[in-house]
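Participant: I'd like to ask you about the structure that follows.
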Amino acid sequence: MKTRTYSLQLLVKCHLLSLLFFVLYGWSAYASPSFQKQDINQIHTEFKGVVVDSKSKEPLAFATLLVNGTNISTITNSEGEFLLKVSNNSADQEVTMLFLGYQTKTIPLSNLNGDDIQILLEEAVMELSEIKINAPKNAHTLVKAVLDKKGENYINEETIMTAFYRETIKKRRRDASLSEAIVEIYRQPYNSSKADKVKLIKARKSTDYNRLDTLAIKLQGGPYSSLYADVIKYPQFIFSEDDLSNYEFSFDKSTEINNRSIYVVKFKPKPNIIEPMHYGKLYIDAETYSLVSAMYNLNVDNREMASKMFVKKKPNKVTVYPTEAAYRVDYRVQNGKWYYGYSNLQLTFKVNWKGRLFNSVYTLSSEMAITDWEESLDDTFTRKESLKPTVILSDEASGFSDPAFWGEYNIIEPEKSIESAIDKINKPLERRKESD
């Protein structure tokens with residue numbers, strides 16, 4: 001096996017997110033779970049439902065649910081479904097639902113009691129001319145103002161954030177691996193150059209290596225990869241001072257979120273740029289110039305350079321290159337200050353073995369959602385407790401069978417395809433353990 005080392009600049013631009021390919025020589029060991037069950041019904045109430053478009057009834061993926069009067073929140077999955085766990089002393093609060101381009105909706109949590117709960121959100125349409133404030137001179141000036149105002153618009157206290165993190169690997173359309181974790185994030189102020197730290201609270205995984213062909217594919221970076229998608233805290237990964245001049249910025253049709261007017265700015269590399277750079281849209285609060293969401297991709301047309309950004313190790317007989325690298329980050333607001341709330345990454349790769357007729361396609365996805373947070377005056381993480389930015393989460397976790405594993409922690413509801421895949425993975429593993 002040959003290892004290649006690439007420039008720090010390229011690694012930085014891919015958010016320190018790498019793939020590791022290892023040739024397997026047999027079945028990987030499966031660690032049986034040793035989790036302590038708890039009677040979670042004594043400490044919180046669970047609310048389930050689905051968020052959909054009021055007209056089409058299509059599910060709204062990645063909608064945010066916030067419990068008013070608390071810092072508790074969650075995100076809908078790709079099928080619009082949510083599971084919200086609230087302490088019993090907060091069960092009489094209201095919940096607010098936010099989705100970009102839709103009207104905000106607030107209802108009592110008690111309305112979510114029962115089966116087949118469906119929340120309808122109505123689309124909000126707004127023309128740029130309807131924004132009743134002075135528009136910036138141009139889109140580039142607006143983006144520069146957003147970055148300059150991070151000390152003013154975003155939380156500038158040290159905070160401890162609880163987050164749910166998930167990463168999956170699919171071979172073509174079939175789920176092959178799933179790792180999940182609850183982490184605590186020691187977040188530095190937005191105007192600080194210090195990096196955040198992450199502590200692993202609990203984690204689990206399930207992997208069917210038979211579906212991964214003769215390769216074990218591992219995602220390096222884990223929760224840090226999601227954090228680095230925060231372009232306000234970590235502008236060096238996409239909008240550094242040097243990079244800004246290499247982008248073209250333009251206005252798109254405006255929209256609305258949380259009853260606030262939102263500028264939409266499109267960006268893309270200038271035509272003469274050959275290095276892989278990003279393109280996408282920024283959603284900016286029209287009044288405060290705060291970034292409320294960003295959706296962007298990495299241009300992977302240059303296969304050789306794009307591959308160097310992501311592939312850390314691989315067998316010599318394999319050619320690997322990305323065909324898609326998509327990113328999303330959403331921010332939330334509390335008492336007039338914004339903070340990182342959710343991000344997801346999706347990477348698709350083609351794997352060609354020398355001498356084989358057909359290639360393999362793998363999709364790696366990761367997402368992280370802040371589910372609770374509080375201000376912190378002390379750094380309670382020791383160096384030993386903190387995960388390294390090069391962490392491989394699947395190496396830190398084991399087991400996947402305790403239905404009460406997450407206890408009172410809020411998580412993102414698993415998709416039906418993931419649930420089905422894990423059931424198929426666990427059945428042969430259970431038979432294997434029974435026969436031992």
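Identifiers for the structure tokens are assigned positionally: chains receive A, B, ... in sequence, residues are indexed from 1 per chain, and ligands are indexed from 1 in the order shown.
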Can I get the residues of range 101-165 of chain A within 10 Å of range 68-85 of chain A, each with the closest pair of atoms and their distance in Å to one decimal, using only C-alpha atoms, sorted chain first then ascending number, as JSON lines?
Facilitator:
{"residue": "A:Thr106", "atom": "CA", "partner": "A:Asn68", "partner_atom": "CA", "distance": 8.9}
{"residue": "A:Ile107", "atom": "CA", "partner": "A:Asn68", "partner_atom": "CA", "distance": 9.9}
{"residue": "A:Pro108", "atom": "CA", "partner": "A:Asn68", "partner_atom": "CA", "distance": 9.5}
{"residue": "A:Leu109", "atom": "CA", "partner": "A:Asn68", "partner_atom": "CA", "distance": 9.7}
{"residue": "A:Leu112", "atom": "CA", "partner": "A:Leu84", "partner_atom": "CA", "distance": 9.8}
{"residue": "A:Ile117", "atom": "CA", "partner": "A:Glu81", "partner_atom": "CA", "distance": 9.7}
{"residue": "A:Gln118", "atom": "CA", "partner": "A:Glu81", "partner_atom": "CA", "distance": 9.2}
{"residue": "A:Ile119", "atom": "CA", "partner": "A:Gly80", "partner_atom": "CA", "distance": 9.6}
{"residue": "A:Met161", "atom": "CA", "partner": "A:Asn71", "partner_atom": "CA", "distance": 9.7}
{"residue": "A:Thr162", "atom": "CA", "partner": "A:Ile72", "partner_atom": "CA", "distance": 9.6}
{"residue": "A:Ala163", "atom": "CA", "partner": "A:Thr74", "partner_atom": "CA", "distance": 9.5}
{"residue": "A:Phe164", "atom": "CA", "partner": "A:Thr74", "partner_atom": "CA", "distance": 9.1}
Participant: Go ahead and write the residues just picked, N, CA and C atoms, as a tab-separated table (two decimals), in the first residue's frame.
Facilitator:
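Full text of out_17.tsv as output:
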chain	number	residue	atom	x	y	z
A	106	THR	N	-45.32	28.66	14.72
A	106	THR	CA	-45.15	28.36	16.13
A	106	THR	C	-46.44	27.75	16.67
A	107	ILE	N	-46.31	26.60	17.33
A	107	ILE	CA	-47.47	25.91	17.90
A	107	ILE	C	-47.10	25.36	19.27
A	108	PRO	N	-48.08	25.09	20.14
A	108	PRO	CA	-47.79	24.45	21.43
A	108	PRO	C	-47.24	23.03	21.21
A	109	LEU	N	-46.30	22.63	22.04
A	109	LEU	CA	-45.79	21.26	21.96
A	109	LEU	C	-46.92	20.25	22.15
A	112	LEU	N	-48.44	18.33	19.33
A	112	LEU	CA	-47.70	17.24	18.70
A	112	LEU	C	-47.97	15.89	19.36
A	117	ILE	N	-48.66	12.91	13.22
A	117	ILE	CA	-48.68	14.37	13.29
A	117	ILE	C	-48.02	14.95	12.05
A	118	GLN	N	-48.72	15.87	11.39
A	118	GLN	CA	-48.21	16.50	10.18
A	118	GLN	C	-48.24	18.02	10.35
A	119	ILE	N	-47.08	18.66	10.18
A	119	ILE	CA	-46.97	20.11	10.29
A	119	ILE	C	-46.91	20.71	8.89
A	161	MET	N	-21.70	23.21	23.45
A	161	MET	CA	-22.82	22.79	22.63
A	161	MET	C	-22.90	21.27	22.57
A	162	THR	N	-24.11	20.76	22.72
A	162	THR	CA	-24.35	19.33	22.55
A	162	THR	C	-24.84	19.12	21.12
A	163	ALA	N	-24.28	18.12	20.44
A	163	ALA	CA	-24.63	17.91	19.04
A	163	ALA	C	-24.78	16.43	18.73
A	164	PHE	N	-25.64	16.14	17.77
A	164	PHE	CA	-25.78	14.79	17.23
A	164	PHE	C	-25.08	14.75	15.88
Participant: Would you please give, as number ranges by chain, all residues of range 296-432 of chain A that DSSP assigns to alpha helix (DSSP H) based on the backbone?
Facilitator: A: 303-310, 416-432
Participant: Any chance you can output those residues with N, CA and C atoms as a compact mmCIF listing (two decimals), in the first residue's frame?
Facilitator:
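Result went into result-v1.txt, see below:
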# COMPACT_ATOMS: atom_id res chain seq x y z
N ARG A 303 -10.08 16.27 -12.15
CA ARG A 303 -10.11 15.03 -11.36
C ARG A 303 -8.84 14.81 -10.55
N GLU A 304 -7.71 15.10 -11.16
CA GLU A 304 -6.45 14.84 -10.47
C GLU A 304 -6.30 15.72 -9.24
N MET A 305 -6.56 17.01 -9.38
CA MET A 305 -6.41 17.91 -8.24
C MET A 305 -7.48 17.64 -7.19
N ALA A 306 -8.71 17.35 -7.63
CA ALA A 306 -9.78 17.07 -6.69
C ALA A 306 -9.51 15.79 -5.91
N SER A 307 -8.95 14.80 -6.58
CA SER A 307 -8.62 13.55 -5.90
C SER A 307 -7.56 13.78 -4.82
N LYS A 308 -6.57 14.61 -5.11
CA LYS A 308 -5.53 14.90 -4.12
C LYS A 308 -6.09 15.58 -2.88
N MET A 309 -7.21 16.28 -3.03
CA MET A 309 -7.80 16.98 -1.90
C MET A 309 -8.49 16.03 -0.92
N PHE A 310 -8.90 14.86 -1.41
CA PHE A 310 -9.72 13.99 -0.59
C PHE A 310 -9.11 12.63 -0.28
N LYS A 416 -35.79 5.86 6.53
CA LYS A 416 -36.27 4.48 6.42
C LYS A 416 -35.24 3.59 5.73
N SER A 417 -34.52 4.14 4.74
CA SER A 417 -33.52 3.34 4.04
C SER A 417 -32.39 2.94 4.97
N ILE A 418 -32.00 3.86 5.88
CA ILE A 418 -30.95 3.54 6.84
C ILE A 418 -31.43 2.48 7.82
N GLU A 419 -32.66 2.64 8.33
CA GLU A 419 -33.20 1.65 9.26
C GLU A 419 -33.22 0.26 8.62
N SER A 420 -33.66 0.20 7.37
CA SER A 420 -33.73 -1.08 6.67
C SER A 420 -32.34 -1.69 6.48
N ALA A 421 -31.37 -0.85 6.11
CA ALA A 421 -30.01 -1.34 5.89
C ALA A 421 -29.41 -1.88 7.18
N ILE A 422 -29.60 -1.17 8.29
CA ILE A 422 -29.04 -1.60 9.56
C ILE A 422 -29.67 -2.91 10.01
N ASP A 423 -30.97 -3.07 9.79
CA ASP A 423 -31.63 -4.34 10.13
C ASP A 423 -30.99 -5.50 9.36
N LYS A 424 -30.71 -5.26 8.07
CA LYS A 424 -30.11 -6.32 7.25
C LYS A 424 -28.69 -6.62 7.69
N ILE A 425 -27.97 -5.57 8.12
CA ILE A 425 -26.60 -5.76 8.58
C ILE A 425 -26.58 -6.52 9.90
N ASN A 426 -27.49 -6.18 10.80
CA ASN A 426 -27.45 -6.75 12.15
C ASN A 426 -27.88 -8.21 12.19
N LYS A 427 -28.77 -8.63 11.29
CA LYS A 427 -29.27 -10.01 11.35
C LYS A 427 -28.17 -11.04 11.19
N PRO A 428 -27.29 -10.96 10.18
CA PRO A 428 -26.20 -11.96 10.10
C PRO A 428 -25.21 -11.85 11.25
N LEU A 429 -25.03 -10.63 11.78
CA LEU A 429 -24.13 -10.46 12.91
C LEU A 429 -24.68 -11.14 14.15
N GLU A 430 -26.01 -11.02 14.35
CA GLU A 430 -26.64 -11.68 15.49
C GLU A 430 -26.55 -13.19 15.36
N ARG A 431 -26.75 -13.70 14.13
CA ARG A 431 -26.62 -15.15 13.93
C ARG A 431 -25.20 -15.61 14.17
N ARG A 432 -24.23 -14.78 13.78
CA ARG A 432 -22.83 -15.10 13.98
C ARG A 432 -22.51 -15.20 15.48
Participant: How many Å separate CA of Asn191 in chain A from CA of Trp373 in chain A?
Facilitator: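 For CA of Asn191 in chain A relative to CA of Trp373 in chain A, the distance reads 18.6 Å.
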Participant: What is the CA of Leu98 in chain A-CA of Ser225 in chain A distance in Å, reported with one decimal?
Facilitator: 24.5 Å
Participant: Step one, run DSSP on the backbone; step two, keep only residues of range 55-299 of chain A assigned to strand (DSSP E); then write them as an NGL selection string.
Facilitator: :A and (64-67 or 73-75 or 81-87 or 94-98 or 105-108 or 118-121 or 159-171 or 174-187 or 197-207 or 215-220 or 247-257 or 260-269 or 278-285 or 291-298)
Participant: For range 283-290 of chain A, work out the shell of residues within 6 Å, counting only C-alpha atoms and skipping chain neighbours fewer than 2 positions away, then give it as a tab-separated table (two decimals) with C-alpha atoms, in the first residue's frame.
Facilitator:
chain	number	residue	atom	x	y	z
A	146	VAL	CA	-20.92	39.63	6.24
A	261	SER	CA	-36.01	39.35	4.43
A	262	ILE	CA	-33.06	37.42	2.99
A	263	TYR	CA	-30.66	38.39	0.21
A	264	VAL	CA	-29.55	35.46	-1.95
A	292	VAL	CA	-28.21	32.48	7.87
A	293	SER	CA	-27.48	29.61	5.46
Participant: Env of Asn359 in chain A: 12 Å cut, atoms = only C-alpha atoms, seq-sep filter 5 positions within chain, self excluded. Answer as a PyMOL selection string.
Facilitator: chain A and resi 171-172+213+318-321+349-354
Participant: Mind checking which residues fall within 9 Å of range 332-340 of chain A, counting only C-alpha atoms, ignoring those fewer than 6 positions away in the same chain, and posting them as a ChimeraX atom specification?
Facilitator: /A:64,71,152-156,190,227,230,232-233,290-292,369-370
Participant: Contacts of Val52 in chain A at 7 Å or less, counting only C-alpha atoms, minus same-chain residues fewer than 6 places along, as a PyMOL selection string?
Facilitator: chain A and resi 58-60+80+119-121
Participant: For C-alpha atoms, I'd like the residues from the last selection saved as a PDB file, in the first residue's frame.
Facilitator:
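For reference, selection_21.pdb as written:
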ATOM      1  CA  GLU A  58     -43.884  17.092  -0.030  1.00  0.00           C
ATOM      2  CA  PRO A  59     -41.624  16.553   3.022  1.00  0.00           C
ATOM      3  CA  LEU A  60     -39.310  19.422   3.986  1.00  0.00           C
ATOM      4  CA  GLY A  80     -39.261  15.506   6.776  1.00  0.00           C
ATOM      5  CA  ILE A 119     -46.969  20.108  10.290  1.00  0.00           C
ATOM      6  CA  LEU A 120     -47.871  22.230   7.255  1.00  0.00           C
ATOM      7  CA  LEU A 121     -45.607  25.148   6.299  1.00  0.00           C
TER       8      LEU A 121
END
Participant: Pick out the residues sitting within 10 Å of Arg173 in chain A, and hand them over as a list in words; count only C-alpha atoms, and ignore anything fewer than 3 positions along from it in its own chain.
Facilitator: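 That gives Ile169, Lys170, Ala176, Val361, Tyr362, Thr363 and Ser417 of chain A.
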Participant: Keeping C-alpha atoms, export the residues of the selection given above as a short mmCIF file (atom, residue, chain, number, x, y, z; two decimals), in the first residue's frame.
Facilitator:
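Everything below was put into selection_14.cif:
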data_model
loop_
_atom_site.label_atom_id
_atom_site.label_comp_id
_atom_site.auth_asym_id
_atom_site.auth_seq_id
_atom_site.Cartn_x
_atom_site.Cartn_y
_atom_site.Cartn_z
CA ILE A 169 -21.44 5.22 3.41
CA LYS A 170 -23.42 3.88 0.48
CA ALA A 176 -23.24 -0.15 3.84
CA VAL A 361 -19.66 4.33 -6.90
CA TYR A 362 -19.57 5.28 -3.22
CA THR A 363 -21.42 8.12 -1.51
CA SER A 417 -33.52 3.34 4.04
#
Participant: Between A:Lys314, A:Asn299, A:Lys144, A:Ala63, which one has atoms that come closest to Pro235 in chain A, using only C-alpha atoms?
Facilitator: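 Nearest to Pro235 in chain A: A:Lys144.
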